[in-house]
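Next comes protein_0.cif, a file with mmCIF, C-alpha atoms and all ligand atoms.
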data_input
#
loop_
_atom_site.label_atom_id
_atom_site.label_comp_id
_atom_site.auth_asym_id
_atom_site.auth_seq_id
_atom_site.Cartn_x
_atom_site.Cartn_y
_atom_site.Cartn_z
CA MET A 67 -0.12 2.19 24.23
CA THR A 68 1.87 4.32 26.63
CA GLU A 69 3.24 7.83 26.19
CA GLU A 70 6.70 6.30 26.28
CA THR A 71 6.04 4.03 23.31
CA LEU A 72 4.56 6.93 21.38
CA ALA A 73 7.64 9.01 22.10
CA GLN A 74 9.84 6.21 20.76
CA THR A 75 8.05 6.13 17.44
CA GLY A 76 8.03 9.88 17.05
CA SER A 77 4.25 10.15 16.91
CA PRO A 78 3.24 13.79 17.05
CA SER A 79 0.33 13.19 19.39
CA VAL A 80 1.84 13.22 22.86
CA GLY A 81 3.75 15.45 25.24
CA PRO A 82 7.38 16.47 24.97
CA SER A 83 8.09 14.36 21.88
CA HIS A 84 5.53 16.41 20.01
CA THR A 85 6.85 17.41 16.59
CA ASP A 86 5.33 20.35 14.77
CA ARG A 87 4.78 18.46 11.52
CA ILE A 88 2.26 19.33 8.84
CA LEU A 89 -0.44 16.78 8.02
CA ASP A 90 0.04 15.54 4.47
CA SER A 91 -2.99 13.27 4.34
CA HIS A 92 -6.68 14.16 4.32
CA LEU A 93 -7.32 13.45 7.97
CA HIS A 94 -10.78 14.49 9.17
CA CYS A 95 -11.39 16.07 12.57
CA ILE A 96 -12.86 13.49 14.95
CA SER A 97 -15.28 16.10 16.31
CA CYS A 98 -16.62 17.91 13.23
CA GLN A 99 -14.99 15.97 10.32
CA TYR A 100 -13.27 19.09 8.97
CA ASP A 101 -10.45 18.18 6.56
CA LEU A 102 -7.21 18.82 8.49
CA HIS A 103 -4.95 18.52 5.44
CA SER A 104 -1.87 20.82 5.49
CA LEU A 105 -2.50 21.93 9.09
CA SER A 106 0.02 21.58 11.90
CA ALA A 107 -0.32 18.44 14.04
CA SER A 108 0.17 20.61 17.13
CA GLY A 109 -2.65 23.02 16.25
CA VAL A 110 -6.42 23.01 16.68
CA CYS A 111 -9.23 22.39 14.19
CA PRO A 112 -10.19 25.75 12.56
CA GLU A 113 -13.85 24.69 12.55
CA CYS A 114 -14.47 23.44 16.11
CA ALA A 115 -11.19 24.26 17.97
CA CYS A 116 -10.73 20.57 18.91
CA GLU A 117 -7.03 19.72 19.29
CA ILE A 118 -5.71 17.98 16.19
CA SER A 119 -3.62 15.68 18.41
CA ALA A 120 -6.91 14.29 19.81
CA THR A 121 -7.87 13.12 16.32
CA ILE A 122 -4.43 11.54 15.79
CA ASP A 123 -4.67 9.84 19.21
CA ALA A 124 -8.10 8.40 18.43
CA ILE A 125 -6.66 6.77 15.33
CA THR A 126 -3.54 5.32 16.85
CA LEU A 127 -4.89 4.12 20.20
CA ASP A 128 -6.70 1.00 19.02
CA ASP A 129 -4.51 -2.05 19.54
CA THR A 130 -6.91 -4.59 18.01
CA TRP A 131 -7.12 -2.52 14.85
CA LEU A 132 -3.34 -2.11 14.76
CA ARG A 133 -2.97 -5.91 14.95
CA THR A 134 -5.25 -6.28 11.92
CA ILE A 135 -3.12 -3.73 10.05
CA ARG A 136 0.02 -5.64 11.04
CA THR A 137 -1.51 -8.88 9.68
CA GLY A 138 -2.05 -7.07 6.37
CA VAL A 139 1.57 -5.88 6.36
CA ARG A 140 2.74 -9.46 7.02
CA TRP A 141 0.69 -10.75 4.07
CA MET A 142 2.31 -8.16 1.82
CA VAL A 143 5.83 -9.00 3.05
CA ALA A 144 5.16 -12.74 2.63
CA SER A 145 3.91 -12.15 -0.93
CA LEU A 146 7.21 -10.45 -1.83
CA TYR A 147 9.25 -13.42 -0.58
CA VAL A 148 6.90 -15.95 -2.20
CA ALA A 149 7.16 -14.10 -5.54
CA VAL A 150 10.97 -14.46 -5.48
CA LEU A 151 10.79 -18.13 -4.44
CA LEU A 152 8.26 -18.97 -7.18
CA GLY A 153 10.27 -17.02 -9.76
CA ALA A 154 13.46 -18.86 -8.78
CA PHE A 155 12.08 -22.29 -9.70
CA ARG A 156 10.10 -21.64 -12.86
CA SER A 157 9.03 -18.85 -15.16
CA PHE A 158 6.31 -16.60 -13.78
CA GLY A 159 3.02 -17.78 -15.30
CA PRO A 160 -0.69 -17.29 -14.52
CA ILE A 161 -0.65 -19.87 -11.68
CA GLU A 162 2.17 -18.04 -9.87
CA LEU A 163 0.33 -14.76 -10.44
CA VAL A 164 -2.84 -16.26 -8.90
CA VAL A 165 -0.88 -17.17 -5.74
CA VAL A 166 0.77 -13.75 -5.40
CA SER A 167 -2.37 -11.73 -6.18
CA LEU A 168 -4.35 -13.87 -3.70
CA MET A 169 -1.84 -12.89 -0.99
CA HIS A 170 -2.12 -9.22 -2.04
CA PHE A 171 -5.92 -9.50 -1.82
CA GLY A 172 -5.64 -10.93 1.72
CA GLY A 173 -3.24 -8.14 2.70
CA ALA A 174 -5.54 -5.47 1.23
CA LEU A 175 -8.51 -6.94 3.10
CA CYS A 176 -6.68 -6.29 6.40
CA LEU A 177 -5.13 -2.96 5.41
CA ILE A 178 -8.40 -1.30 4.40
CA THR A 179 -10.09 -2.30 7.67
CA PRO A 180 -11.54 0.95 9.06
CA ASN A 181 -10.62 1.98 12.59
CA PRO A 182 -13.73 1.26 14.73
CA LYS A 183 -13.11 4.39 16.83
CA LEU A 184 -13.48 6.74 13.89
CA PRO A 185 -16.55 8.14 12.11
CA ARG A 186 -17.63 6.34 8.94
CA ARG A 187 -16.11 9.05 6.77
CA HIS A 188 -12.65 7.72 7.69
CA SER A 189 -13.49 4.31 6.22
CA ASN A 190 -11.39 3.60 3.21
CA THR A 191 -13.06 2.91 -0.11
CA PRO A 192 -12.68 -0.72 -1.23
CA GLY A 193 -10.76 0.40 -4.36
CA PRO A 194 -7.71 -1.84 -3.77
CA LEU A 195 -9.97 -4.88 -3.25
CA LEU A 196 -11.89 -4.17 -6.45
CA PHE A 197 -8.74 -3.89 -8.59
CA LEU A 198 -6.99 -6.85 -6.96
CA GLY A 199 -10.20 -8.91 -7.33
CA ILE A 200 -10.27 -8.19 -11.08
CA ALA A 201 -6.56 -9.16 -11.29
CA LEU A 202 -7.14 -12.39 -9.37
CA GLY A 203 -10.09 -13.32 -11.59
CA GLY A 204 -8.12 -12.55 -14.77
CA TYR A 205 -5.09 -14.59 -13.71
CA PHE A 206 -7.32 -17.48 -12.64
CA LEU A 207 -9.19 -17.58 -15.97
CA ALA A 208 -5.87 -17.38 -17.84
CA SER A 209 -4.45 -20.26 -15.77
CA ILE A 210 -7.39 -22.59 -16.48
CA SER A 211 -7.92 -21.65 -20.13
CA PRO A 212 -6.83 -24.38 -22.58
CA ILE A 213 -3.73 -23.85 -24.74
CA SER A 214 -5.87 -23.67 -27.90
CA SER A 215 -7.44 -20.43 -26.73
CA SER A 216 -4.08 -18.77 -26.04
CA SER A 217 -5.41 -15.55 -27.59
CA LEU A 218 -7.66 -15.32 -24.52
CA LYS A 219 -4.52 -15.19 -22.39
CA TRP A 220 -3.18 -12.30 -24.45
CA VAL A 221 -6.29 -10.32 -23.57
CA LEU A 222 -6.79 -11.54 -20.01
CA LEU A 223 -3.21 -11.26 -18.76
CA PRO A 224 -2.57 -7.60 -19.73
CA ILE A 225 -5.92 -6.51 -18.23
CA ALA A 226 -5.25 -8.51 -15.06
CA THR A 227 -1.70 -7.13 -14.79
CA LEU A 228 -2.87 -3.52 -15.12
CA ALA A 229 -5.64 -4.13 -12.55
CA HIS A 230 -3.04 -5.72 -10.26
CA LEU A 231 -0.74 -2.68 -10.51
CA GLY A 232 -3.72 -0.34 -10.02
CA GLY A 233 -4.71 -2.23 -6.86
CA LEU A 234 -1.15 -2.08 -5.52
CA ALA A 235 -0.94 1.67 -6.26
CA LEU A 236 -4.16 2.30 -4.29
CA LEU A 237 -2.84 0.08 -1.50
CA TRP A 238 0.28 2.26 -1.24
CA ARG A 239 -2.03 5.30 -1.02
CA ARG A 240 -3.79 3.59 1.89
CA ILE A 241 -0.47 2.69 3.57
CA GLU A 242 0.65 6.32 3.21
CA THR A 243 -2.49 7.45 5.07
CA LEU A 244 -1.99 4.80 7.78
CA MET A 245 1.62 5.87 8.30
CA ASP A 246 0.75 9.55 8.33
CA LEU A 247 -1.98 8.98 10.92
CA GLY A 248 0.60 7.98 13.52
CA ILE A 249 1.92 4.51 12.66
CA SER A 250 5.11 5.85 11.09
CA PRO A 251 4.71 9.52 10.01
CA ASN A 252 8.34 9.87 8.93
CA SER A 253 8.04 7.00 6.45
CA ALA A 254 4.79 8.21 4.83
CA VAL A 255 6.77 9.98 2.11
CA ILE A 256 8.30 6.63 1.02
CA ALA A 257 4.81 5.14 0.67
CA ARG A 258 3.77 8.13 -1.46
CA ASN A 259 6.77 7.61 -3.74
CA LEU A 260 5.93 3.92 -4.02
CA TYR A 261 2.43 4.92 -5.16
CA TRP A 262 3.92 6.96 -8.03
CA LEU A 263 6.51 4.27 -8.78
CA THR A 264 3.73 1.67 -9.12
CA ILE A 265 1.91 3.91 -11.59
CA SER A 266 5.17 4.46 -13.52
CA ILE A 267 5.69 0.69 -13.72
CA ALA A 268 2.18 0.31 -15.17
CA VAL A 269 2.95 2.96 -17.82
CA PHE A 270 6.30 1.37 -18.76
CA SER A 271 4.63 -2.08 -18.89
CA VAL A 272 2.16 -0.77 -21.47
CA LEU A 273 4.92 0.95 -23.49
CA THR A 274 7.10 -2.16 -23.44
CA ALA A 275 4.21 -4.44 -24.43
CA ALA A 276 3.18 -2.04 -27.23
CA SER A 277 6.72 -1.76 -28.58
CA ARG A 278 6.94 -5.57 -28.88
CA GLN A 279 4.00 -5.48 -31.28
CA LEU A 280 5.86 -3.12 -33.62
CA THR A 281 8.30 -4.19 -36.26
CA LEU A 282 11.38 -2.53 -34.92
CA VAL A 283 13.12 -1.42 -38.08
CA TRP A 284 12.99 2.30 -37.50
CA SER A 285 15.84 2.86 -35.06
CA PRO A 286 14.39 5.66 -32.84
CA VAL A 287 11.38 3.43 -32.07
CA ARG A 288 13.76 0.59 -31.33
CA TYR A 289 15.74 2.74 -28.89
CA ALA A 290 12.55 3.97 -27.22
CA ALA A 291 11.37 0.37 -26.82
CA LEU A 292 14.71 -0.66 -25.32
CA ALA A 293 14.64 2.36 -22.98
CA SER A 294 11.12 1.58 -21.71
CA ALA A 295 12.03 -2.08 -21.16
CA GLY A 296 15.16 -1.02 -19.25
CA LEU A 297 13.24 1.51 -17.14
CA LEU A 298 10.65 -1.19 -16.38
CA MET A 299 13.36 -3.54 -15.08
CA VAL A 300 14.98 -0.82 -12.94
CA GLY A 301 11.56 0.32 -11.68
CA LEU A 302 10.59 -3.23 -10.67
CA LEU A 303 13.87 -3.76 -8.79
CA VAL A 304 13.59 -0.44 -6.92
CA TRP A 305 9.91 -1.12 -6.21
CA TYR A 306 10.64 -4.57 -4.81
CA PHE A 307 13.34 -3.57 -2.34
CA ALA A 308 11.74 -0.24 -1.35
CA SER A 309 8.45 -2.08 -0.67
CA LEU A 310 10.19 -4.72 1.43
CA ILE A 311 12.05 -2.13 3.54
CA THR A 312 8.99 0.14 3.96
CA LEU A 313 6.72 -2.73 5.02
CA HIS A 314 9.32 -3.96 7.52
CA LEU A 315 9.63 -0.42 8.97
CA MET A 316 5.83 -0.27 9.27
CA SER A 317 5.73 -3.63 11.02
CA ILE A 318 8.39 -2.50 13.52
CA SER A 319 6.47 0.74 14.21
CA ILE A 320 3.22 -1.17 14.88
CA ARG A 321 5.04 -3.57 17.18
CA ARG A 322 6.32 -0.61 19.20
CA LEU A 323 2.88 1.04 19.28
CA ILE A 324 1.08 -2.01 20.64
CA GLY A 325 4.01 -3.06 22.85
CA ASP A 326 3.46 -6.67 21.72
CA ALA A 327 1.64 -7.45 24.97
CA PRO A 328 -1.60 -9.40 24.36
CA ALA A 329 -2.96 -8.42 27.81
CA THR A 330 -3.04 -4.71 26.93
CA ALA A 331 -5.19 -5.34 23.87
CA ALA A 332 -8.07 -6.61 25.99
CA SER A 333 -8.08 -3.70 28.46
CA PRO A 334 -10.25 -0.73 27.50
ZN ZN B 1 -13.21 20.04 14.08
#
Written as structure tokens, how would this file's structure read?
Ligand SMILES: [Zn+2]
Amino acid sequence: MTEETLAQTGSPSVGPSHTDRILDSHLHCISCQYDLHSLSASGVCPECACEISATIDAITLDDTWLRTIRTGVRWMVASLYVAVLLGAFRSFGPIELVVVSLMHFGGALCLITPNPKLPRRHSNTPGPLLFLGIALGGYFLASISPISSSSLKWVLLPIATLAHLGGLALLWRRIETLMDLGISPNSAVIARNLYWLTISIAVFSVLTAASRQLTLVWSPVRYAALASAGLLMVGLLVWYFASLITLHLMSISIRRLIGDAPATAASP
């Protein structure tokens, strides 16, 4: 990665393009592991006086790692297109959910890969994998369970769906950190909003599902149920397109950072 490519992406780490932004994520100093949250990217670590830009550089300058992250982003983008294609041909059932959650699991596997240049403390917890694994297992059991035990599906599917949304929320948290560390600092705020939007969708899913169990004779409850169902639909639409755009922006940023030249990845 050259200084020129860094300047193009607006990374705060190098030379004249240096922006005096404040670190939103809990980045730890590469020298002493001090938490650099809310400090200026152009400053020095208050604990050991190591330049904060050195820590940001150490994170962004690993091309092999960036390629793994890009693979994860591609899995996530592909899952969004596949979800629409599957939904276009038939109603979204457990089998379709198995396919989509499997792609999310593959994407998460790449996206939580720790940067080999950083101390262990920077390694991400496998939270997204745990949640997405529970979702995948739940969908799979629901897809193979016989029709006679349909009550099993009514227990399995809601649990799997909530685990799925939880995994996606944690994944957006991870993407926010990745962006903030130098991949695309200006877009990190979108990832943070997508984290909260995913949680909101989970809440509205529960409210909508609960309202369906009620006998809707009392009109205020009926209106509340309709409102939560409407908010769920709007939330899902916004989530879908915002996710697609954000992941594409991230992919473009990574392509600029690694210059798309395979020869440079091998050189130390
Ligand atoms: Zn330090």
(message) Using all atoms listed in the file, which residues of the polymer chains come no farther than 6 Å from ligand ZN 1 (chain B)? I'd like the answer as a list in words.
(response)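 Result of the 6 Å neighbour search around ligand ZN 1 (chain B): Cys95, Ser97, Cys98, Gln99, Tyr100, Cys111, Glu113, Cys114 and Cys116 of chain A.
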(request) For Arg87 (chain A), list every protein, DNA or RNA residue within 9 Å, evaluated using all atoms listed in the file, and leave out those in the same chain fewer than 4 positions away; present the list as a list in words. (result) Pro78, Leu105, Ser106, Ala107 and Ser108 of chain A
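Note that the spacing between CA of Val166 (chain A) and CA of Leu207 (chain A) amounts to 15.0 Å.
Shortest atom-to-atom contact with Ile118 (chain A) among A:Cys176, A:Ile225, A:Ala257, A:Leu102: A:Leu102, counting only C-alpha atoms.
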(request) Could you please give me, as a PyMOL selection string, the residues of protein, DNA or RNA lying at most 7 Å from (8.1, 2.5, -21.4) in the coordinate frame of the file, considering only C-alpha atoms? (result) chain A and resi 269-274+291+293-295+297-298
(message) Between CA of Ser309 (chain A) and CA of Val148 (chain A), what is the distance in Å, rounded to a tenth?
(response)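 A separation of 14.0 Å between them.
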